[in-house]
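Chemist: Contents of model.cif (mmCIF, C-alpha atoms) are given next:
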data_work
loop_
_atom_site.label_atom_id
_atom_site.label_comp_id
_atom_site.auth_asym_id
_atom_site.auth_seq_id
_atom_site.Cartn_x
_atom_site.Cartn_y
_atom_site.Cartn_z
CA MET A 1 -14.94 0.21 -9.38
CA ASN A 2 -13.24 3.33 -10.73
CA SER A 3 -11.24 5.15 -8.07
CA ALA A 4 -9.69 7.89 -10.15
CA SER A 5 -12.40 10.31 -9.08
CA GLY A 6 -11.70 9.84 -5.35
CA PRO A 7 -9.59 12.27 -3.37
CA LEU A 8 -5.85 11.87 -3.66
CA ALA A 9 -3.88 10.95 -0.57
CA ASP A 10 -1.42 13.39 0.93
CA VAL A 11 1.93 12.43 -0.56
CA ALA A 12 5.54 13.52 -0.39
CA ALA A 13 8.85 12.32 -1.79
CA GLU A 14 11.80 12.05 0.58
CA LEU A 15 15.40 11.17 -0.18
CA VAL A 16 16.50 8.85 2.65
CA ASP A 17 19.78 6.93 2.84
CA GLY A 18 20.33 7.11 -0.91
CA GLY A 19 16.85 5.84 -1.78
CA TRP A 20 13.56 7.57 -2.45
CA THR A 21 10.65 7.16 -0.07
CA LEU A 22 7.02 7.76 -0.93
CA VAL A 23 5.16 9.10 2.10
CA PHE A 24 1.49 8.28 1.53
CA VAL A 25 -1.04 9.48 4.14
CA ARG A 26 -4.67 8.48 4.11
CA ASP A 27 -7.46 8.58 6.67
CA LEU A 28 -9.55 5.44 7.07
CA ARG A 29 -12.97 5.14 8.76
CA HIS A 30 -11.94 2.26 11.00
CA PRO A 31 -10.03 1.97 14.30
CA PRO A 32 -6.34 1.03 14.23
CA GLU A 33 -7.04 -2.48 15.55
CA LYS A 34 -9.29 -3.25 12.58
CA VAL A 35 -6.85 -1.69 10.08
CA TRP A 36 -4.03 -3.70 11.70
CA GLY A 37 -5.82 -6.94 10.83
CA ALA A 38 -6.09 -5.86 7.19
CA LEU A 39 -2.33 -5.19 7.13
CA THR A 40 -1.24 -8.44 8.76
CA GLU A 41 -3.76 -11.27 8.31
CA PRO A 42 -3.23 -13.37 5.15
CA ALA A 43 -6.94 -13.75 4.32
CA GLN A 44 -7.49 -9.99 4.48
CA LEU A 45 -4.28 -9.15 2.59
CA ARG A 46 -5.28 -11.62 -0.12
CA ALA A 47 -8.49 -9.60 -0.58
CA TRP A 48 -6.84 -6.20 -1.24
CA ALA A 49 -3.02 -6.16 -1.37
CA PRO A 50 -0.83 -6.44 -4.50
CA PHE A 51 0.65 -9.61 -3.02
CA VAL A 52 -0.39 -12.71 -1.10
CA PRO A 53 1.76 -13.49 1.96
CA ASP A 54 2.72 -17.02 2.97
CA ARG A 55 2.03 -16.22 6.63
CA ASP A 56 0.60 -13.72 9.10
CA LEU A 57 2.74 -10.58 9.04
CA ALA A 58 2.15 -9.81 12.75
CA GLY A 59 5.41 -11.57 13.70
CA THR A 60 8.99 -10.74 12.75
CA GLY A 61 11.04 -12.91 10.43
CA PRO A 62 11.15 -14.06 6.81
CA ALA A 63 8.03 -14.03 4.65
CA THR A 64 7.28 -14.77 1.02
CA LEU A 65 5.09 -12.17 -0.69
CA THR A 66 3.71 -13.49 -3.97
CA ILE A 67 2.79 -10.81 -6.48
CA ILE A 68 -0.39 -11.62 -8.41
CA ASP A 69 -1.03 -10.23 -11.91
CA GLY A 70 -3.90 -12.01 -13.62
CA ASP A 71 -2.81 -15.61 -14.19
CA ARG A 72 0.83 -14.82 -13.42
CA SER A 73 2.43 -14.83 -10.00
CA GLU A 74 5.94 -14.16 -8.74
CA ALA A 75 7.21 -15.02 -5.28
CA THR A 76 9.40 -12.35 -3.70
CA ALA A 77 11.35 -12.53 -0.47
CA GLY A 78 10.52 -10.27 2.42
CA VAL A 79 11.45 -9.87 6.07
CA VAL A 80 9.13 -8.47 8.71
CA ARG A 81 11.50 -6.25 10.70
CA ARG A 82 9.29 -4.44 13.23
CA VAL A 83 5.89 -5.22 14.69
CA GLU A 84 4.22 -2.97 17.27
CA PRO A 85 0.48 -3.80 17.20
CA PRO A 86 -1.61 -1.88 16.29
CA THR A 87 0.58 1.10 15.42
CA LEU A 88 3.67 0.03 13.43
CA LEU A 89 4.50 -2.64 10.86
CA GLU A 90 7.72 -2.63 8.86
CA TYR A 91 8.88 -5.18 6.30
CA THR A 92 10.96 -5.54 3.20
CA TRP A 93 9.40 -6.54 -0.09
CA ALA A 94 12.17 -7.57 -2.47
CA ASP A 95 14.40 -4.44 -2.51
CA ASP A 96 11.74 -2.08 -1.12
CA LEU A 97 11.03 -1.20 2.50
CA LEU A 98 7.44 -0.60 3.65
CA ARG A 99 6.65 1.05 6.97
CA TRP A 100 2.97 1.25 7.95
CA GLU A 101 2.18 3.67 10.80
CA LEU A 102 -1.33 3.77 12.29
CA ALA A 103 -2.56 6.59 14.52
CA PRO A 104 -6.06 6.83 15.99
CA THR A 105 -8.20 9.79 14.95
CA ALA A 106 -11.68 10.88 16.03
CA ALA A 107 -13.06 9.30 12.83
CA GLY A 108 -10.86 6.17 12.65
CA THR A 109 -7.19 5.85 11.67
CA ARG A 110 -4.58 7.98 9.98
CA LEU A 111 -2.50 5.54 7.95
CA THR A 112 0.97 6.66 6.92
CA LEU A 113 2.80 4.39 4.53
CA ARG A 114 6.47 5.04 3.91
CA HIS A 115 7.45 3.00 0.86
CA ARG A 116 11.17 3.22 0.05
CA ALA A 117 12.13 2.42 -3.52
CA THR A 118 15.44 2.82 -5.30
CA ASP A 119 14.14 5.05 -8.11
CA ARG A 120 12.19 8.30 -7.73
CA ASP A 121 10.38 7.58 -11.01
CA TRP A 122 8.49 4.81 -9.19
CA LEU A 123 6.91 7.02 -6.50
CA ALA A 124 3.86 8.22 -8.47
CA LYS A 125 3.32 4.67 -9.77
CA LEU A 126 3.47 3.32 -6.22
CA ALA A 127 1.07 6.03 -5.01
CA ALA A 128 -1.44 5.13 -7.74
CA GLY A 129 -1.20 1.45 -6.88
CA TRP A 130 -1.57 1.96 -3.14
CA HIS A 131 -4.47 4.35 -3.77
CA LEU A 132 -6.38 1.61 -5.58
CA CYS A 133 -5.38 -1.11 -3.11
CA LEU A 134 -6.49 0.98 -0.14
CA ASP A 135 -9.81 1.77 -1.86
CA VAL A 136 -10.37 -2.01 -1.97
CA ALA A 137 -9.15 -2.42 1.63
CA GLU A 138 -11.58 0.27 2.84
CA ARG A 139 -14.46 -1.54 1.12
CA LEU A 140 -13.34 -4.78 2.78
CA LEU A 141 -13.24 -3.09 6.19
CA ASP A 142 -16.69 -1.60 5.52
CA GLY A 143 -18.05 -5.11 4.97
CA ARG A 144 -18.67 -4.36 1.27
CA PRO A 145 -15.78 -6.27 -0.35
CA VAL A 146 -14.92 -5.95 -4.02
CA PRO A 147 -12.33 -8.02 -5.93
CA PRO A 148 -8.70 -6.94 -5.51
CA ILE A 149 -7.22 -4.64 -8.14
CA ARG A 150 -3.77 -5.91 -9.09
CA GLY A 151 -1.27 -5.71 -11.91
CA GLU A 152 -2.51 -4.91 -15.40
CA ASP A 153 -6.14 -4.86 -14.20
CA ALA A 154 -5.38 -1.57 -12.43
CA HIS A 155 -5.38 0.24 -15.79
CA GLU A 156 -9.12 -0.49 -16.07
CA HIS A 157 -9.72 1.18 -12.69
CA GLY A 158 -8.11 4.57 -13.25
CA TRP A 159 -4.48 3.75 -12.44
CA ASP A 160 -3.10 5.82 -15.34
CA GLU A 161 -5.07 8.92 -14.31
CA LEU A 162 -4.07 8.42 -10.68
CA ARG A 163 -0.39 8.07 -11.64
CA ASP A 164 -0.58 11.31 -13.62
CA ALA A 165 -2.31 13.10 -10.73
CA TYR A 166 0.26 11.86 -8.22
CA GLU A 167 3.10 12.90 -10.57
CA ARG A 168 1.68 16.42 -10.51
CA LYS A 169 1.22 16.33 -6.74
CA LEU A 170 4.79 15.06 -6.21
CA GLY A 171 6.15 17.73 -8.57
CA ASP A 172 7.26 15.25 -11.21
CA ARG A 173 5.30 17.11 -13.92
#
Would you write out, as structure tokens, the structure that this file holds?

Modeler:
Amino acid sequence: MNSASGPLADVAAELVDGGWTLVFVRDLRHPPEKVWGALTEPAQLRAWAPFVPDRDLAGTGPATLTIIDGDRSEATAGVVRRVEPPTLLEYTWADDLLRWELAPTAAGTRLTLRHRATDRDWLAKLAAGWHLCLDVAERLLDGRPVPPIRGEDAHEHGWDELRDAYERKLGDR
């Protein structure tokens, strides 16, 4: 699956409270309730996300998000801070803050991810990674699952080209 040829998401970089936030907006062909399950249920997250959670993310409180990269894995601490099904999910992932906003559209859902990182240089990299992950999530939601694209494997699926394209779109180049 090579996603580099797909349309780029709408993206912006915002400086918020001393940290940089990637605003990543993408329309999905599924209703918010179905997208919500993909964002919160461990079995679905395992199939597309860059991490595997130790629990359902639909409840507030601590969570362990284990990053998978080939044969390597690294457990990171997180805290689910806000849960408003099926429109808002907010949690920390190590030092980052992720806020998923879902709004119904005539064709499905407008997903807005606000991913706060400490370094602006990470925003295009994050955008490329989320682009690939959400391509996989969309296939999962369509009932046509493909293996998750994580870590170093992303380079074989157009991550470098996507990073460069998002750098241009964010005004980094």

Chemist: Which of these, A:Val83, A:Leu97, A:Leu113, A:Val146, has the shortest distance to A:His131 once you count all atoms listed in the file?

Modeler: A:Leu113

Chemist: Could you please determine the separation between atom CA of A:Arg168 and atom CA of A:Leu15 in Å, to one decimal place?

Modeler: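 Rounded to one decimal, the two atoms are 18.0 Å apart.
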
Chemist: Which of these residues is nearest to A:Ala94, using all atoms listed in the file: A:Val35, A:Ala106, A:Val80, A:Leu141?

Modeler: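 Smallest separation from A:Ala94 among the options: A:Val80.
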
Chemist: Any idea what the distance is between atom CA of A:Thr40 and atom CA of A:Trp100?

Modeler: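 Separating atom CA of A:Thr40 from atom CA of A:Trp100 is a distance of 10.6 Å.
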
Chemist: Between atom CA of A:Glu74 and atom CA of A:Phe51, what is the distance in Å, rounded to a tenth?

Modeler: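 If I compute the distance from atom CA of A:Glu74 to atom CA of A:Phe51, I get 9.0 Å.
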
Chemist: Residues within 12 Å of A:Ala165, please, as a ChimeraX atom specification. Count all atoms listed in the file; anything in the same chain fewer than 6 positions from it doesn't count.

Modeler: /A:4-11,123-125,127-128,131,158-159,171-173

Chemist: Restricting the calculation to all atoms listed in the file, which member of A:Arg139, A:Arg116, A:Arg144, A:Lys34 is positioned closest to A:Gly18?

Modeler: A:Arg116

Chemist: Care to translate the PyMOL selection byres ((chain A and resi 67) around 9) into actual residues of this file, as a PyMOL selection string?

Modeler: chain A and resi 50-53+65-66+68-69+72-76+150-151

Chemist: So which one's closest to A:Asp119, A:Trp20, A:Trp93, A:Trp36, A:Trp48? Using all atoms listed in the file, please.

Modeler: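 So, comparing all the options, the nearest one is A:Trp20.
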
Chemist: Determine the residue set returned by the PyMOL selection byres ((chain A and resi 39) around 9) for the present structure, and present it as a ChimeraX atom specification.

Modeler: /A:35-38,40-42,44-45,49,57-58,89,100

Chemist: Check the smallest atom-to-atom distance from each of A:Leu88, A:Leu126, A:Leu132, A:Leu102 to A:Pro147 using only C-alpha atoms, then report the winner.

Modeler: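 Using only C-alpha atoms, A:Pro147 sits closest to A:Leu132.
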
Chemist: Rank nothing, just name the residue among A:Ala12, A:Pro86, A:Asp95, A:Gly19 nearest to A:Thr109, using only C-alpha atoms.

Modeler: A:Pro86
